[in-house]
Every structure is written in C-alpha cells, then in structure tokens.
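Note sheet for the following structure.
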Amino acid sequence: MNEDQRFELLYQVGEELLKDGAELGRVETTVAYLAESFELQEFSCFIMINGIFMTCRKHNGDVLAKNKEVPLATVQLDKIDAINDFSRKLTAKKISIAAFSRQFNQIKQDYQPQLKRQFLAYCLGSASFCIIFNGTLPESFAALFLGLFMAFYLLILTPKLKLSKISLNISASFLVSILAQIIHGFFPWLKLSSLVIGGIIALVPGISIVNGIRYLFNEDYPSGLAQVTDALVISLCIAFGVGLALWTFDLL
Amino acid sequence: MFAIFLQLAAAFLGTFSFAIIFKTPSKYYVACGLIGTIGWGVYLLIMAAMHSLFAASLISSFVLIVLSRFAAYNLKGPVTIFLVCGIFCIVPGIGIYNVAHNFVSNDFNQAFTNGISVLKVCLAMTLGIAFGYELPAKLFIKLKK
C-alpha cells in the first residue's frame with residue numbers, strides 16, 4: 001500500500017471509532033499509535049465530536065490532509081472492540097498492514113442485527129431500570145411491555161421511517177407514554193412515573209452528558225459543549241414527548 | 001434485605017441488557033453485568049451511610065473505572081466497553097430527563113434544583129473517572145499476575 005492509501009485507511013479507522021461512540025481521547029491515541037505503524041511522517045490529527053482533521057507529510061514533501069463531518073455517535077461497542085483488537089496486533093507486528101486493511105473493511109461491512117437478542121435486552125432493560133428507580137415488581141413487569149414496544153419502534157419501525165433525531169425522540173417518548181397511560185388506566189395502582197421511566201430509559205442521554213462534562217474538564221471545550229448541548233436537546237425532546245402524551249390524556 | 005437483593009439483581013440485568021443494546025461482544029456480557037452490579041452496590045452503600053449524592057457518585061464511579069480497567073487488562077478488551085455499560089446505573093439520564101420535564105411543565109424552581117444535582121453527579125463522576133485513569137497501568141498488570 002502506498003502512503004495515500006495508508007493515510008486514507010487511517011482516516012477511515014478514526015472515523016469508524018468516532019461513529020461507534022469511542023471516547024475522543026481513545027480515538028486520538030489509537031490513531032496516533034497506528035500512524036506510527038503505518039509509517040506516516042509529521043502526522044497530526046484534531047478530533048472533534050463530529051469531525052476529524054488529519055494531516056501528514058509524504059516522503060516527497062507533499063502534505064496529505066483530510067477533514068470530514070462525522071454524524072454524532074450511536075454506540076456500537078463490538079466494532080470498537082474489533083478495531084482495538086487488530087490495532088494491538090498491528091502495533092505488535094503480528095499482522096501486516098494489508099491484513100489490517102482487509103479485516104477493517106470486513107468489520108465495516110459486517111452488520112448483524114441480532115434482533116431477538118436486542119428485543120429481549122430492551123424488555124429486560126426497561127424492567128430492571130424501573131426497579132432501580134424505585135418501581136415495584138408489578139410496575140417492572142408492566143415496563144417489560146413498554147420495553148418491547150420501544151424495541152419494535154426503534155429497531156423495526158424507525159429505520160424505515162428515516163426520522164430526524166429530534167422527531168425520533170419526541171415520537172418515541174410520546175408513543176411510549178401513551179402506552180404507559182393506557183396501562184395505568186387499566187391498572188391504576190401502578191405508578192405512572194415509574195412506568196414512563198422504564199419506557200424511556202433507552203432514550204435518555206445519561207452517558208453523553210457525563211462524557212460531555214469529562215471533555216470539558218479535559219479542556220476540550222468545543223466537543224464538551226457540543227456533547228452537553230446534544231444531551232440537553234435530546235432530554236428536552238423526550239420531556240416534550242412525554243408532556244404531550246400527558247396533556248393529550250388530560251384533554252380526553 | 002429483599003429490597004437490596006432486588007436492587008442488585010436489577011442492576012445486573014439492567015447492565016447486562018444495555019451491554020446487548022450497545023452491541024457489546026457476547027464474551028463481555030457477564031463481566032459488564034458484574035461491574036454494573038458492584039458499582040450500583042457501592043453507590044447504594046454510600047448513599048445509605050453518608051446520604052451524599054456527590055460522595056456516592058464519586059466513589060462508585062472510581063470503583064467502576066478501576067474494575068473496568070482491571071477487566072480490560074484481563075479480558076483484553078478496550079476499557080470503554082466495560083465503562084460505558086457499567087456506569088449506566090449511575091449516570092444521571094433520568095435526572096436530566098426530570099430537569100427537562102420540570103422545564104416543560106413550567107416548574108422552574110424544581111428544574112433548577114434537579115439541574116444542580118445532575119451537574120453535581122456529573123462533576124463527581126468526572127472526578128472519579130479521572131482519578132481512576134490516573135492510577136498507573138503497572139498496578140493492573142501486577143494484579144493480573
């Protein structure tokens with residue numbers, strides 16, 4: 001592989017890690033280690049939460065540079081794990097750059113939805129977090145069905161609808177709260193707030209707000225502010241969706 | 001006693017489920033679940049003993065990052081995997097939702113109070129995680145042996 005191709009490959013690795021929700025510092029160190037193995041000179045990169053800038057100097061003196069916007073992350077830890085695994089192998093010189101490139105392209109395309117497992121996880125997740133936020137066992141059992149609905153909506157329906165992030169969060173929290181209201185209507189002794197919390201737990205941006213504050217403390221102010229703002233916008237959308245559902249039921 | 005058991009079981013199942021939702025490789029499911037359970041156990045313990053949200057968030061996130069690094073060295077996975085799944089019980093996701101909920105329902109005093117506590121939790125977790133990352137890598141390599 002020539003320098004241009006190695007540079008392009010490195011850029012794609014960084015982009016993939018960022019897209020899959022790796023921490024910024026981690027993307028930076030991984031890319032820097034790989035640049036050494038790829039024998040790229042005067043390599044420098046600047047990573048933001050939604051974009052990467054990368055430059056290096058070729059042997060003939062030309063400068064290679066690339067920047068691109070990357071959509072905000074959706075967490076996909078299996079890809080991070082795979083990239084981490086063969087980056088380690090490459091830096092330890094156990095595999096060649098060509099093999100690295102082959103494996104990387106494979107995991108980039110590889111997408112296994114594992115739908116059954118995901119459905120189960122959404123159900124159990126909603127039920128468990130209902131308990132953690134002081135719900136009772138019957139409430140948690142009801143939240144199981146809210147989780148099931150959420151899985152159906154987020155995994156089956158929305159990929160077809162191609163909604164924006166804002167309308168996705170508003171509609172999901174609206175629908176799940178309507179469902180929670182209906183359950184509450186049939187079984188009034190189940191607390192509505194516990195049901196709603198169980199339902200929306202998969203949407204709330206808890207990890208992004210903590211990461212945002214961490215970036216701020218790391219003196220990465222643009223990314224930190226962007227991440228915190230993103231978390232605030234998402235939580236406002238969720239609250240708006242839930243509020244709309246409560247209001248609708250009050251009218252009836 | 002039953003309540004505590006229920007909480008810990010919920011923490012295990014919850015972390016386990018979110019490990020699946022975040023598409024963690026299946027070999028890490030149980031480790032993630034255990035880390036989440038211990039983290040939540042520490043959080044509950046400190047909340048019961050000291051009644052301090054800040055201390056509970058700080059110490060439990062410190063414990064979580066230490067456990068995550070330990071797991072990362074032993075299972076040869078990135079720390080991010082164990083951390084992202086493990087801290088899910090402690091992160092103020094519902095807290096920030098509550099702030100937004102108070103805000104849209106015009107309850108600004110409550111929004112402010114809740115907002116400050118979310119900020120406190122975030123700061124505590126940031127400090128806890130930062131301290132945990134400062135620990136020398138040698139320590140974990142030794143523990144492995």
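We name chains A, B, ... following the order of the structure tokens; residues begin at 1 in each chain, and ligands are numbered from 1 as shown.
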
Q: Could you please write out, as a PyMOL selection string, every residue of chain B that DSSP assigns to alpha helix (DSSP H)?
A: chain B and resi 2-21+29-50+53-75+79-86+93-104+108-134+137-144

Could you write those residues out with C-alpha atoms, as a short mmCIF file (atom, residue, chain, number, x, y, z; two decimals), in the first residue's frame?
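Saved to part_28.cif:
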data_model
loop_
_atom_site.label_atom_id
_atom_site.label_comp_id
_atom_site.auth_asym_id
_atom_site.auth_seq_id
_atom_site.Cartn_x
_atom_site.Cartn_y
_atom_site.Cartn_z
CA PHE B 2 -35.06 -8.49 49.85
CA ALA B 3 -35.12 -4.91 48.59
CA ILE B 4 -31.32 -4.81 48.39
CA PHE B 5 -31.21 -8.14 46.61
CA LEU B 6 -33.82 -6.89 44.16
CA GLN B 7 -31.81 -3.71 43.51
CA LEU B 8 -28.62 -5.65 42.85
CA ALA B 9 -30.39 -8.16 40.62
CA ALA B 10 -31.95 -5.28 38.68
CA ALA B 11 -28.53 -3.63 38.33
CA PHE B 12 -27.07 -6.85 36.96
CA LEU B 13 -29.90 -7.42 34.50
CA GLY B 14 -30.02 -3.75 33.53
CA THR B 15 -26.31 -3.51 32.81
CA PHE B 16 -26.40 -6.86 31.03
CA SER B 17 -29.29 -5.65 28.84
CA PHE B 18 -27.59 -2.40 27.96
CA ALA B 19 -24.43 -4.31 27.10
CA ILE B 20 -26.56 -6.09 24.50
CA ILE B 21 -28.25 -2.89 23.32
CA TYR B 29 -21.80 -9.60 28.84
CA VAL B 30 -21.25 -11.18 32.26
CA ALA B 31 -18.23 -9.01 33.10
CA CYS B 32 -20.24 -5.88 32.23
CA GLY B 33 -23.15 -7.08 34.35
CA LEU B 34 -20.93 -7.80 37.35
CA ILE B 35 -19.15 -4.46 37.09
CA GLY B 36 -22.51 -2.67 36.94
CA THR B 37 -23.78 -4.61 39.95
CA ILE B 38 -20.74 -3.83 42.10
CA GLY B 39 -20.84 -0.17 41.08
CA TRP B 40 -24.50 0.12 41.98
CA GLY B 41 -23.91 -1.76 45.25
CA VAL B 42 -21.18 0.70 46.23
CA TYR B 43 -23.43 3.60 45.28
CA LEU B 44 -26.30 2.32 47.44
CA LEU B 45 -23.97 1.58 50.35
CA ILE B 46 -22.51 5.10 50.37
CA MET B 47 -25.91 6.68 49.88
CA ALA B 48 -27.16 4.74 52.93
CA ALA B 49 -24.09 5.53 55.04
CA MET B 50 -23.37 9.16 54.12
CA LEU B 53 -25.08 12.17 46.24
CA PHE B 54 -21.69 13.66 45.45
CA ALA B 55 -19.69 11.14 47.50
CA ALA B 56 -21.75 8.21 46.23
CA SER B 57 -21.28 9.20 42.58
CA LEU B 58 -17.59 9.95 43.04
CA ILE B 59 -16.64 6.77 44.85
CA SER B 60 -18.83 4.45 42.81
CA SER B 61 -17.51 5.81 39.52
CA PHE B 62 -13.97 5.47 40.85
CA VAL B 63 -14.68 1.83 41.73
CA LEU B 64 -16.25 1.33 38.30
CA ILE B 65 -13.28 2.67 36.39
CA VAL B 66 -10.85 0.58 38.45
CA LEU B 67 -12.92 -2.54 37.80
CA SER B 68 -13.27 -1.65 34.12
CA ARG B 69 -9.52 -1.23 33.72
CA PHE B 70 -8.95 -4.46 35.59
CA ALA B 71 -11.40 -6.26 33.28
CA ALA B 72 -9.85 -4.60 30.24
CA TYR B 73 -6.37 -5.88 31.13
CA ASN B 74 -7.62 -9.37 31.89
CA LEU B 75 -10.07 -9.85 29.03
CA VAL B 79 -11.83 0.00 28.79
CA THR B 80 -14.64 1.92 27.05
CA ILE B 81 -16.76 -1.23 26.73
CA PHE B 82 -16.81 -2.02 30.44
CA LEU B 83 -17.11 1.61 31.48
CA VAL B 84 -19.96 2.57 29.15
CA CYS B 85 -22.04 -0.43 30.22
CA GLY B 86 -21.02 -0.38 33.88
CA GLY B 93 -30.03 10.00 32.50
CA ILE B 94 -33.37 10.10 34.29
CA GLY B 95 -32.10 13.10 36.26
CA ILE B 96 -31.60 15.16 33.13
CA TYR B 97 -34.97 13.98 31.84
CA ASN B 98 -36.52 15.22 35.09
CA VAL B 99 -34.91 18.63 34.58
CA ALA B 100 -36.36 18.85 31.09
CA HIS B 101 -39.71 17.59 32.37
CA ASN B 102 -39.82 20.28 35.10
CA PHE B 103 -38.84 22.82 32.48
CA VAL B 104 -41.60 21.98 30.01
CA PHE B 108 -38.65 26.24 37.14
CA ASN B 109 -37.63 26.01 40.81
CA GLN B 110 -37.67 22.24 40.67
CA ALA B 111 -35.88 22.32 37.30
CA PHE B 112 -33.11 24.39 38.88
CA THR B 113 -32.79 22.10 41.93
CA ASN B 114 -32.73 18.98 39.78
CA GLY B 115 -30.35 20.61 37.33
CA ILE B 116 -27.85 21.41 40.07
CA SER B 117 -27.97 17.84 41.33
CA VAL B 118 -27.41 16.47 37.80
CA LEU B 119 -24.43 18.79 37.46
CA LYS B 120 -23.11 17.62 40.83
CA VAL B 121 -23.38 13.98 39.82
CA CYS B 122 -21.63 14.67 36.51
CA LEU B 123 -18.80 16.53 38.23
CA ALA B 124 -18.39 13.78 40.82
CA MET B 125 -18.30 11.12 38.13
CA THR B 126 -15.82 13.12 36.07
CA LEU B 127 -13.50 13.39 39.08
CA GLY B 128 -13.95 9.72 39.98
CA ILE B 129 -13.18 8.58 36.44
CA ALA B 130 -10.22 10.98 36.16
CA PHE B 131 -8.71 9.68 39.43
CA GLY B 132 -9.24 6.10 38.26
CA TYR B 133 -7.47 6.79 34.97
CA GLU B 134 -4.54 8.36 36.84
CA ALA B 137 -1.04 0.88 34.44
CA LYS B 138 1.61 -1.18 36.25
CA LEU B 139 -0.81 -1.71 39.12
CA PHE B 140 -3.25 -3.55 36.87
CA ILE B 141 -0.56 -5.60 35.21
CA LYS B 142 0.63 -6.69 38.66
CA LEU B 143 -2.91 -7.53 39.73
CA LYS B 144 -3.23 -9.70 36.67
#

Q: Name the residues of stretch 23-232 of chain A that come out as strand (DSSP E) in a backbone DSSP run; write them as an MDAnalysis selection string.
A: chainID A and resid 41:48 51:57 63:69

Q: Counting only C-alpha atoms, collect the residues of chain A whose closest atom lies at most 8 Å from chain B, and write them out as number ranges by chain.
A: A: 22-23, 75-78, 80-81, 84-85, 117-118, 120-122, 124-129, 131-132, 197, 201, 204-207, 209-210, 213-214, 217, 232, 235-236, 238-240, 243

Let me see the file: selected residues, N, CA and C atoms, as a short mmCIF file (atom, residue, chain, number, x, y, z; two decimals), in the first residue's frame.
data_model
loop_
_atom_site.label_atom_id
_atom_site.label_comp_id
_atom_site.auth_asym_id
_atom_site.auth_seq_id
_atom_site.Cartn_x
_atom_site.Cartn_y
_atom_site.Cartn_z
N ALA A 22 -16.59 5.74 20.54
CA ALA A 22 -15.40 5.67 21.38
C ALA A 22 -15.11 7.06 21.96
N GLU A 23 -14.48 7.10 23.13
CA GLU A 23 -14.14 8.40 23.71
C GLU A 23 -13.11 9.10 22.83
N VAL A 75 -23.88 4.17 19.82
CA VAL A 75 -22.91 3.27 20.44
C VAL A 75 -22.95 1.88 19.81
N GLN A 76 -21.78 1.42 19.34
CA GLN A 76 -21.63 0.08 18.77
C GLN A 76 -20.31 -0.48 19.26
N LEU A 77 -20.36 -1.09 20.45
CA LEU A 77 -19.10 -1.45 21.09
C LEU A 77 -18.37 -2.60 20.41
N ASP A 78 -19.09 -3.45 19.66
CA ASP A 78 -18.41 -4.60 19.04
C ASP A 78 -17.38 -4.14 18.02
N ILE A 80 -15.77 -1.22 18.07
CA ILE A 80 -14.64 -0.65 18.80
C ILE A 80 -13.72 -1.77 19.27
N ASP A 81 -14.34 -2.83 19.79
CA ASP A 81 -13.56 -3.96 20.29
C ASP A 81 -12.73 -4.60 19.18
N ASN A 84 -9.89 -2.26 18.11
CA ASN A 84 -8.90 -2.27 19.17
C ASN A 84 -8.05 -3.53 19.11
N ASP A 85 -8.73 -4.65 18.87
CA ASP A 85 -8.04 -5.94 18.83
C ASP A 85 -7.00 -5.99 17.73
N ARG A 117 -32.17 -11.03 20.31
CA ARG A 117 -31.40 -10.67 21.50
C ARG A 117 -31.67 -9.22 21.89
N GLN A 118 -31.71 -8.33 20.87
CA GLN A 118 -31.95 -6.92 21.13
C GLN A 118 -33.33 -6.70 21.74
N LEU A 120 -35.09 -8.77 23.52
CA LEU A 120 -35.04 -9.25 24.90
C LEU A 120 -34.35 -8.22 25.80
N ALA A 121 -33.25 -7.64 25.26
CA ALA A 121 -32.47 -6.68 26.05
C ALA A 121 -33.29 -5.43 26.34
N TYR A 122 -34.05 -4.94 25.34
CA TYR A 122 -34.88 -3.76 25.58
C TYR A 122 -35.91 -4.06 26.67
N LEU A 124 -35.86 -6.43 29.13
CA LEU A 124 -35.23 -6.59 30.44
C LEU A 124 -34.67 -5.27 30.96
N GLY A 125 -34.10 -4.48 30.04
CA GLY A 125 -33.54 -3.18 30.44
C GLY A 125 -34.62 -2.30 31.03
N SER A 126 -35.75 -2.19 30.36
CA SER A 126 -36.85 -1.36 30.88
C SER A 126 -37.31 -1.87 32.23
N ALA A 127 -37.48 -3.19 32.35
CA ALA A 127 -37.97 -3.77 33.60
C ALA A 127 -36.97 -3.50 34.73
N SER A 128 -35.67 -3.70 34.46
CA SER A 128 -34.66 -3.53 35.51
C SER A 128 -34.57 -2.08 35.97
N PHE A 129 -34.57 -1.16 35.00
CA PHE A 129 -34.40 0.23 35.41
C PHE A 129 -35.64 0.77 36.10
N ILE A 131 -37.15 -0.95 38.36
CA ILE A 131 -36.85 -1.33 39.75
C ILE A 131 -35.81 -0.39 40.35
N ILE A 132 -34.75 -0.10 39.56
CA ILE A 132 -33.67 0.74 40.08
C ILE A 132 -34.19 2.12 40.47
N ILE A 197 -40.59 6.04 33.23
CA ILE A 197 -39.14 5.93 33.37
C ILE A 197 -38.64 4.63 32.74
N ILE A 201 -36.07 4.71 29.26
CA ILE A 201 -34.68 4.57 29.71
C ILE A 201 -33.70 4.38 28.54
N VAL A 204 -32.77 8.10 27.17
CA VAL A 204 -32.17 9.20 27.93
C VAL A 204 -30.65 9.27 27.76
N PRO A 205 -30.12 10.49 27.61
CA PRO A 205 -28.71 10.66 27.25
C PRO A 205 -27.79 10.74 28.46
N GLY A 206 -27.86 9.76 29.37
CA GLY A 206 -27.05 9.82 30.58
C GLY A 206 -25.56 9.77 30.30
N ILE A 207 -25.15 8.84 29.44
CA ILE A 207 -23.72 8.69 29.20
C ILE A 207 -23.19 9.89 28.44
N ILE A 209 -24.12 12.99 28.65
CA ILE A 209 -23.89 14.19 29.47
C ILE A 209 -22.64 14.03 30.33
N VAL A 210 -22.42 12.81 30.86
CA VAL A 210 -21.21 12.60 31.65
C VAL A 210 -19.97 12.75 30.77
N ILE A 213 -19.25 16.47 30.10
CA ILE A 213 -18.57 17.15 31.21
C ILE A 213 -17.11 16.68 31.29
N ARG A 214 -16.88 15.40 30.99
CA ARG A 214 -15.49 14.92 31.03
C ARG A 214 -14.64 15.62 29.97
N PHE A 217 -13.71 19.03 31.16
CA PHE A 217 -12.62 19.00 32.14
C PHE A 217 -11.30 18.63 31.51
N LEU A 232 -28.78 17.85 26.27
CA LEU A 232 -29.89 18.71 26.71
C LEU A 232 -31.02 18.71 25.68
N SER A 235 -32.89 15.42 25.86
CA SER A 235 -33.76 15.27 27.02
C SER A 235 -34.96 16.20 26.93
N LEU A 236 -34.78 17.38 26.32
CA LEU A 236 -35.93 18.26 26.11
C LEU A 236 -36.95 17.63 25.17
N ILE A 238 -37.44 14.42 24.74
CA ILE A 238 -38.12 13.34 25.46
C ILE A 238 -39.18 13.93 26.38
N ALA A 239 -38.78 14.98 27.14
CA ALA A 239 -39.73 15.58 28.07
C ALA A 239 -40.92 16.16 27.32
N PHE A 240 -40.66 16.72 26.15
CA PHE A 240 -41.73 17.28 25.34
C PHE A 240 -42.68 16.17 24.89
N GLY A 243 -44.62 15.00 27.93
CA GLY A 243 -45.56 16.05 28.31
C GLY A 243 -46.76 16.09 27.38
#

Q: Would you list the contacts of A:Leu34 as a ChimeraX atom specification, taking every protein, DNA or RNA residue within 7 Å and counting only C-alpha atoms, but skipping same-chain residues closer than 3 positions in sequence?
A: /A:30-31,37-38,87,91

Q: Find the distance between atom CA of A:Thr136 and atom CA of A:Phe187 and write it in Å to one decimal.
A: 13.4 Å

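Straight-line separation from atom CA of A:Phe152 to atom CA of A:Trp247: 24.5 Å.
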
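For the pair atom CA of A:Thr229 and atom CA of A:Tyr215, the separation is 12.6 Å.
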
Q: Write out as a ChimeraX atom specification which residues come within 12 Å of A:Val176 when counting only C-alpha atoms, dropping same-chain ones fewer than 2 positions away.
A: /A:126,142-154,169-174,178-183,192,195-203,238-239,241-246

Could you write out that same residue set with C-alpha atoms as an mmCIF file, in the first residue's frame?
data_model
loop_
_atom_site.group_PDB
_atom_site.id
_atom_site.type_symbol
_atom_site.label_atom_id
_atom_site.label_comp_id
_atom_site.auth_asym_id
_atom_site.auth_seq_id
_atom_site.Cartn_x
_atom_site.Cartn_y
_atom_site.Cartn_z
ATOM 1 C CA SER A 126 -36.845 -1.356 30.880
ATOM 2 C CA ALA A 142 -45.582 -3.703 33.020
ATOM 3 C CA ALA A 143 -42.435 -1.843 31.952
ATOM 4 C CA LEU A 144 -41.353 -5.045 30.216
ATOM 5 C CA PHE A 145 -44.074 -4.443 27.634
ATOM 6 C CA LEU A 146 -43.077 -0.811 27.244
ATOM 7 C CA GLY A 147 -39.548 -2.036 26.516
ATOM 8 C CA LEU A 148 -40.968 -4.433 23.948
ATOM 9 C CA PHE A 149 -42.796 -1.576 22.250
ATOM 10 C CA MET A 150 -39.644 0.560 22.328
ATOM 11 C CA ALA A 151 -37.622 -2.221 20.707
ATOM 12 C CA PHE A 152 -40.232 -2.595 17.996
ATOM 13 C CA TYR A 153 -40.331 1.152 17.393
ATOM 14 C CA LEU A 154 -36.584 1.785 17.465
ATOM 15 C CA ASN A 169 -37.050 11.141 20.308
ATOM 16 C CA ILE A 170 -40.293 13.107 20.509
ATOM 17 C CA SER A 171 -42.356 10.436 18.770
ATOM 18 C CA ALA A 172 -40.808 7.528 20.699
ATOM 19 C CA SER A 173 -41.338 9.131 24.099
ATOM 20 C CA PHE A 174 -44.816 10.297 23.108
ATOM 21 C CA ILE A 178 -49.427 6.947 25.667
ATOM 22 C CA LEU A 179 -48.958 3.209 26.141
ATOM 23 C CA ALA A 180 -47.959 3.768 29.784
ATOM 24 C CA GLN A 181 -51.132 5.848 30.284
ATOM 25 C CA ILE A 182 -53.253 3.057 28.838
ATOM 26 C CA ILE A 183 -51.642 0.503 31.173
ATOM 27 C CA LEU A 192 -47.386 6.276 36.030
ATOM 28 C CA LEU A 195 -43.810 3.156 34.001
ATOM 29 C CA VAL A 196 -42.683 6.158 31.957
ATOM 30 C CA ILE A 197 -39.137 5.935 33.365
ATOM 31 C CA GLY A 198 -38.962 2.248 32.423
ATOM 32 C CA GLY A 199 -40.208 3.082 28.954
ATOM 33 C CA ILE A 200 -37.859 5.932 28.103
ATOM 34 C CA ILE A 201 -34.678 4.570 29.710
ATOM 35 C CA ALA A 202 -33.248 3.513 26.345
ATOM 36 C CA LEU A 203 -33.554 7.096 25.057
ATOM 37 C CA ILE A 238 -38.117 13.339 25.458
ATOM 38 C CA ALA A 239 -39.732 15.582 28.070
ATOM 39 C CA GLY A 241 -42.945 13.908 24.018
ATOM 40 C CA VAL A 242 -43.937 12.700 27.487
ATOM 41 C CA GLY A 243 -45.558 16.045 28.311
ATOM 42 C CA LEU A 244 -47.553 15.951 25.088
ATOM 43 C CA ALA A 245 -48.855 12.479 25.945
ATOM 44 C CA LEU A 246 -49.899 13.529 29.466
#

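With only C-alpha atoms as the atoms that count, the minimum distance from A:Met48 to the choices A:Leu225, A:Leu190, A:Leu115, A:Ile156 is reached by A:Leu225.
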